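Student: Structure below; questions to follow.
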Amino acid sequence: MTDRTQQAQETADIARLEIPSRDKRADLQVMDGTLGPSVIDVRRLYAQTGMFTYDPGFTSTASCESKITFIDGDKGELFYRGYPIEQLAEHSDFMEVSYLLLFGELPTAEQKEQFIHDIIYHTMVHEQISHFFRGFRRDAHPMAVMVGVVGALAAFYHDSTDITDPHQRMVASYRLIAKMPTIAAMAYKYSIGQPFIYPRNDLSYAANFLHMMFAVPCEPYAVNPVLERAMDLIFILHADHEQNASTSTVRLAGSSGANPFACIAAGCASLWGPAHGGANEAALNMLTEIGTVDRIPEYIARAKDKNDPFRLMGFGHRVYKNYDPRAKVLRKMAHEVLDELKVDQPLFDVARELEKIALEDEYFVEKRLYPNVDFYSGIILSAMGFPTSMFTVLFAIARTVGWVAQWNEMIEDPNQKIGRPRQLYTGPTRRDFVPIDQRD
């Protein structure tokens, strides 16, 4: 029994459901979290009424208890283990945030140093994995490669697939966090026909990734500190985001007892969808479609027209009904990156003007269609030289630490059961088989 369940039983706050027409009733416990709405425990609903709840997309259902991330969409707040994302973005770095998500507390100086050392120790991948890439077409989408290679890690690291062993779980977690940038950079290098660049232990997590992405063997590569910070910031802001589609996928896959590499590969597959991890790519494609600043009024008018299917990508958020706190942080960084690189392209002029309109136009302000994290991350990554096909891959690198933290939490939850959603069946009722020569 978890502390939260025990608390619900002790307070005995009960929600009573009555269905007079069917003479059904249920007494269901109310459970309180430390933040956010309370929940009604419906686990005994079927036993008491013979009915299930119906909730497409599970948007009104808490599927688990978690201590990792909290979002208040109305206030525009995001907390990692209780720490506001703005504070972490300003004062912390991705390795420190990764430790926080995994272990629940910010590390001491000694703990952080040891953690970084342990991650660095695992950044290389088995040499045979480089041969594995040759099985893919050169023009394969990098996310297709990521799903395949991450899933295949279970074939290379048998010594960390026993989910009942806490030590093996942590080794697998470290390996995934460490190797995702290496695999991602390999996928990119393979697609453009360049040799793989090995990781460097003397660089930070973000700088090492940039080095593996853009360095070539024939000349030295120096990581720009502004771009290194921008990369680190993007990793921090995308590290976790409550029970979103990909995180729920990782938990659902993990609930069956699947090995951690398979679970994270499942998360990558879910993240690949344009409504989830592909949103920043869609936002950049929209900016490209608009093309020039003088065409913005035309597209603004289309966005306001309910009869026009066009939608402004990178504005508004399903959860946040206020300004996405991650977007506030990235907005400043986007301007720093553009200024540092002295980028002079119509696409970024369009982005700046569209941002200005969205923050001032009464229509957007009233509907709270603020620029979101995908809008700014797409601009930053494009300016840094990443092709749009790599955008979701970078999201996967950052989100891996959140996935493994959630996966570990799920494994250790005594109330965890294999995921088995119910359904409202609306197909044919029972009917008997008809031989083929008797069918109309």
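Letters A, B, ... mark the chains of the structure tokens in the order given; residue numbers begin at 1 per chain; ligand numbers begin at 1, in order shown.
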Tell me which protein, DNA and RNA residues are within 9 Å of Glu409 in chain A, counting only C-alpha atoms, leaving out same-chain ones fewer than 5 positions away, and put them as an MDAnalysis selection string.

Tutor: chainID A and resid 66:68 102 404

Student: Could you name the residues that touch range 119-125 of chain A at 8 Å or less, counting only C-alpha atoms, but leaving out those on the same chain fewer than 6 positions away, as a ChimeraX atom specification?

Tutor: /A:174-175,177-179,182-183,198-199,201

Student: For Arg44 in chain A, find every residue with an atom within 10 Å (counting only C-alpha atoms), except residues of its own chain fewer than 5 positions away, and show them as a ChimeraX atom specification.

Tutor: /A:26-29,49-52

Student: The selected residues should be written to file as a short mmCIF file (atom, residue, chain, number, x, y, z; two decimals), in the first residue's frame (atoms: C-alpha atoms).

Tutor:
```
data_model
loop_
_atom_site.label_atom_id
_atom_site.label_comp_id
_atom_site.auth_asym_id
_atom_site.auth_seq_id
_atom_site.Cartn_x
_atom_site.Cartn_y
_atom_site.Cartn_z
CA ALA A 26 -20.64 2.85 -5.67
CA ASP A 27 -18.64 4.39 -2.85
CA LEU A 28 -15.27 5.43 -4.21
CA GLN A 29 -12.35 6.84 -2.25
CA THR A 49 -21.52 -1.56 -10.42
CA GLY A 50 -20.45 -3.89 -13.22
CA MET A 51 -19.38 -0.79 -15.20
CA PHE A 52 -16.14 0.79 -16.38
#
```

Student: Which residues are near range 277-283 of chain A? Cut-off 6 Å, only C-alpha atoms, ignore same chain within fewer than 3 positions. Put them as a PyMOL selection string.

Tutor: chain A and resi 271-274+286+313-314+374-375+378+388+392

Student: Okay, now the selection with all heavy atoms, as a PDB file, in the first residue's frame?

Tutor:
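Once written, out.pdb looks like this:
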```
ATOM      1  N   LEU A 271       7.072   8.927 -29.585  1.00  0.00           N
ATOM      2  CA  LEU A 271       7.523  10.318 -29.714  1.00  0.00           C
ATOM      3  C   LEU A 271       7.585  10.755 -31.172  1.00  0.00           C
ATOM      4  O   LEU A 271       7.451  11.936 -31.487  1.00  0.00           O
ATOM      5  CB  LEU A 271       8.899  10.465 -29.076  1.00  0.00           C
ATOM      6  CG  LEU A 271       9.477  11.876 -28.987  1.00  0.00           C
ATOM      7  CD1 LEU A 271       8.705  12.706 -27.970  1.00  0.00           C
ATOM      8  CD2 LEU A 271      10.955  11.823 -28.612  1.00  0.00           C
ATOM      9  N   TRP A 272       7.794   9.808 -32.069  1.00  0.00           N
ATOM     10  CA  TRP A 272       7.972  10.097 -33.490  1.00  0.00           C
ATOM     11  C   TRP A 272       6.735  10.766 -34.097  1.00  0.00           C
ATOM     12  O   TRP A 272       6.811  11.455 -35.109  1.00  0.00           O
ATOM     13  CB  TRP A 272       8.294   8.787 -34.213  1.00  0.00           C
ATOM     14  CG  TRP A 272       8.807   8.920 -35.602  1.00  0.00           C
ATOM     15  CD1 TRP A 272       9.046  10.069 -36.310  1.00  0.00           C
ATOM     16  CD2 TRP A 272       9.161   7.852 -36.475  1.00  0.00           C
ATOM     17  NE1 TRP A 272       9.516   9.778 -37.559  1.00  0.00           N
ATOM     18  CE2 TRP A 272       9.603   8.414 -37.689  1.00  0.00           C
ATOM     19  CE3 TRP A 272       9.153   6.457 -36.342  1.00  0.00           C
ATOM     20  CZ2 TRP A 272      10.018   7.633 -38.763  1.00  0.00           C
ATOM     21  CZ3 TRP A 272       9.569   5.684 -37.414  1.00  0.00           C
ATOM     22  CH2 TRP A 272       9.994   6.270 -38.607  1.00  0.00           C
ATOM     23  N   GLY A 273       5.580  10.581 -33.488  1.00  0.00           N
ATOM     24  CA  GLY A 273       4.347  11.132 -34.053  1.00  0.00           C
ATOM     25  C   GLY A 273       4.375  12.647 -34.158  1.00  0.00           C
ATOM     26  O   GLY A 273       4.884  13.337 -33.274  1.00  0.00           O
ATOM     27  N   PRO A 274       3.828  13.217 -35.246  1.00  0.00           N
ATOM     28  CA  PRO A 274       3.867  14.673 -35.448  1.00  0.00           C
ATOM     29  C   PRO A 274       3.105  15.461 -34.396  1.00  0.00           C
ATOM     30  O   PRO A 274       3.385  16.635 -34.186  1.00  0.00           O
ATOM     31  CB  PRO A 274       3.245  14.857 -36.844  1.00  0.00           C
ATOM     32  CG  PRO A 274       2.435  13.616 -37.073  1.00  0.00           C
ATOM     33  CD  PRO A 274       3.165  12.515 -36.363  1.00  0.00           C
ATOM     34  N   MET A 286       6.003  25.106 -41.198  1.00  0.00           N
ATOM     35  CA  MET A 286       5.020  26.166 -41.359  1.00  0.00           C
ATOM     36  C   MET A 286       5.712  27.496 -41.683  1.00  0.00           C
ATOM     37  O   MET A 286       5.270  28.237 -42.572  1.00  0.00           O
ATOM     38  CB  MET A 286       4.176  26.309 -40.090  1.00  0.00           C
ATOM     39  CG  MET A 286       3.166  27.454 -40.129  1.00  0.00           C
ATOM     40  SD  MET A 286       2.708  28.007 -38.476  1.00  0.00           S
ATOM     41  CE  MET A 286       4.244  28.720 -37.888  1.00  0.00           C
ATOM     42  N   MET A 313       1.246  26.222 -36.400  1.00  0.00           N
ATOM     43  CA  MET A 313       1.968  25.245 -35.596  1.00  0.00           C
ATOM     44  C   MET A 313       2.959  25.965 -34.682  1.00  0.00           C
ATOM     45  O   MET A 313       3.551  26.971 -35.051  1.00  0.00           O
ATOM     46  CB  MET A 313       2.709  24.264 -36.511  1.00  0.00           C
ATOM     47  CG  MET A 313       1.817  23.550 -37.511  1.00  0.00           C
ATOM     48  SD  MET A 313       0.472  22.608 -36.731  1.00  0.00           S
ATOM     49  CE  MET A 313       1.403  21.394 -35.805  1.00  0.00           C
ATOM     50  N   GLY A 314       3.134  25.422 -33.481  1.00  0.00           N
ATOM     51  CA  GLY A 314       4.060  26.035 -32.538  1.00  0.00           C
ATOM     52  C   GLY A 314       3.410  27.079 -31.645  1.00  0.00           C
ATOM     53  O   GLY A 314       4.112  27.822 -30.956  1.00  0.00           O
ATOM     54  N   ASP A 374       7.945  24.272 -28.833  1.00  0.00           N
ATOM     55  CA  ASP A 374       8.260  23.721 -30.156  1.00  0.00           C
ATOM     56  C   ASP A 374       8.600  24.825 -31.155  1.00  0.00           C
ATOM     57  O   ASP A 374       9.440  24.640 -32.038  1.00  0.00           O
ATOM     58  CB  ASP A 374       7.085  22.891 -30.679  1.00  0.00           C
ATOM     59  CG  ASP A 374       6.749  21.729 -29.762  1.00  0.00           C
ATOM     60  OD1 ASP A 374       7.678  20.962 -29.451  1.00  0.00           O
ATOM     61  OD2 ASP A 374       5.597  21.594 -29.338  1.00  0.00           O
ATOM     62  N   PHE A 375       7.936  25.969 -31.021  1.00  0.00           N
ATOM     63  CA  PHE A 375       8.192  27.096 -31.910  1.00  0.00           C
ATOM     64  C   PHE A 375       9.650  27.549 -31.780  1.00  0.00           C
ATOM     65  O   PHE A 375      10.372  27.699 -32.762  1.00  0.00           O
ATOM     66  CB  PHE A 375       7.240  28.237 -31.569  1.00  0.00           C
ATOM     67  CG  PHE A 375       7.426  29.481 -32.409  1.00  0.00           C
ATOM     68  CD1 PHE A 375       6.941  29.542 -33.699  1.00  0.00           C
ATOM     69  CD2 PHE A 375       8.079  30.585 -31.886  1.00  0.00           C
ATOM     70  CE1 PHE A 375       7.106  30.688 -34.469  1.00  0.00           C
ATOM     71  CE2 PHE A 375       8.250  31.734 -32.645  1.00  0.00           C
ATOM     72  CZ  PHE A 375       7.758  31.783 -33.941  1.00  0.00           C
ATOM     73  N   GLY A 378      12.500  24.714 -32.590  1.00  0.00           N
ATOM     74  CA  GLY A 378      12.695  24.527 -34.021  1.00  0.00           C
ATOM     75  C   GLY A 378      13.577  25.612 -34.620  1.00  0.00           C
ATOM     76  O   GLY A 378      14.456  25.338 -35.445  1.00  0.00           O
ATOM     77  N   THR A 388      15.742  19.213 -40.177  1.00  0.00           N
ATOM     78  CA  THR A 388      14.464  19.001 -39.474  1.00  0.00           C
ATOM     79  C   THR A 388      14.242  17.541 -39.112  1.00  0.00           C
ATOM     80  O   THR A 388      13.577  17.241 -38.119  1.00  0.00           O
ATOM     81  CB  THR A 388      13.278  19.503 -40.323  1.00  0.00           C
ATOM     82  OG1 THR A 388      13.342  18.882 -41.617  1.00  0.00           O
ATOM     83  CG2 THR A 388      13.327  21.005 -40.496  1.00  0.00           C
ATOM     84  N   THR A 392      13.201  15.543 -33.813  1.00  0.00           N
ATOM     85  CA  THR A 392      12.580  14.601 -32.888  1.00  0.00           C
ATOM     86  C   THR A 392      13.629  13.717 -32.228  1.00  0.00           C
ATOM     87  O   THR A 392      13.462  13.284 -31.086  1.00  0.00           O
ATOM     88  CB  THR A 392      11.540  13.725 -33.621  1.00  0.00           C
ATOM     89  OG1 THR A 392      10.710  14.563 -34.415  1.00  0.00           O
ATOM     90  CG2 THR A 392      10.668  12.979 -32.626  1.00  0.00           C
TER      91      THR A 392
END
```

Student: Rank A:Asp165, A:Ala383, A:Gln87, A:Val329 by their smallest atom-to-atom distance to Lys342 in chain A, using only C-alpha atoms, and report the top residue only.

Tutor: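 Going through A:Asp165, A:Ala383, A:Gln87, A:Val329 one by one, the smallest distance to Lys342 in chain A is for A:Ala383.
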
Student: Have a look at CA of Pro371 in chain A and CA of His317 in chain A and let me know their distance in Å, one decimal.

Tutor: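 Computed distance, CA of Pro371 in chain A to CA of His317 in chain A, equals 8.9 Å.
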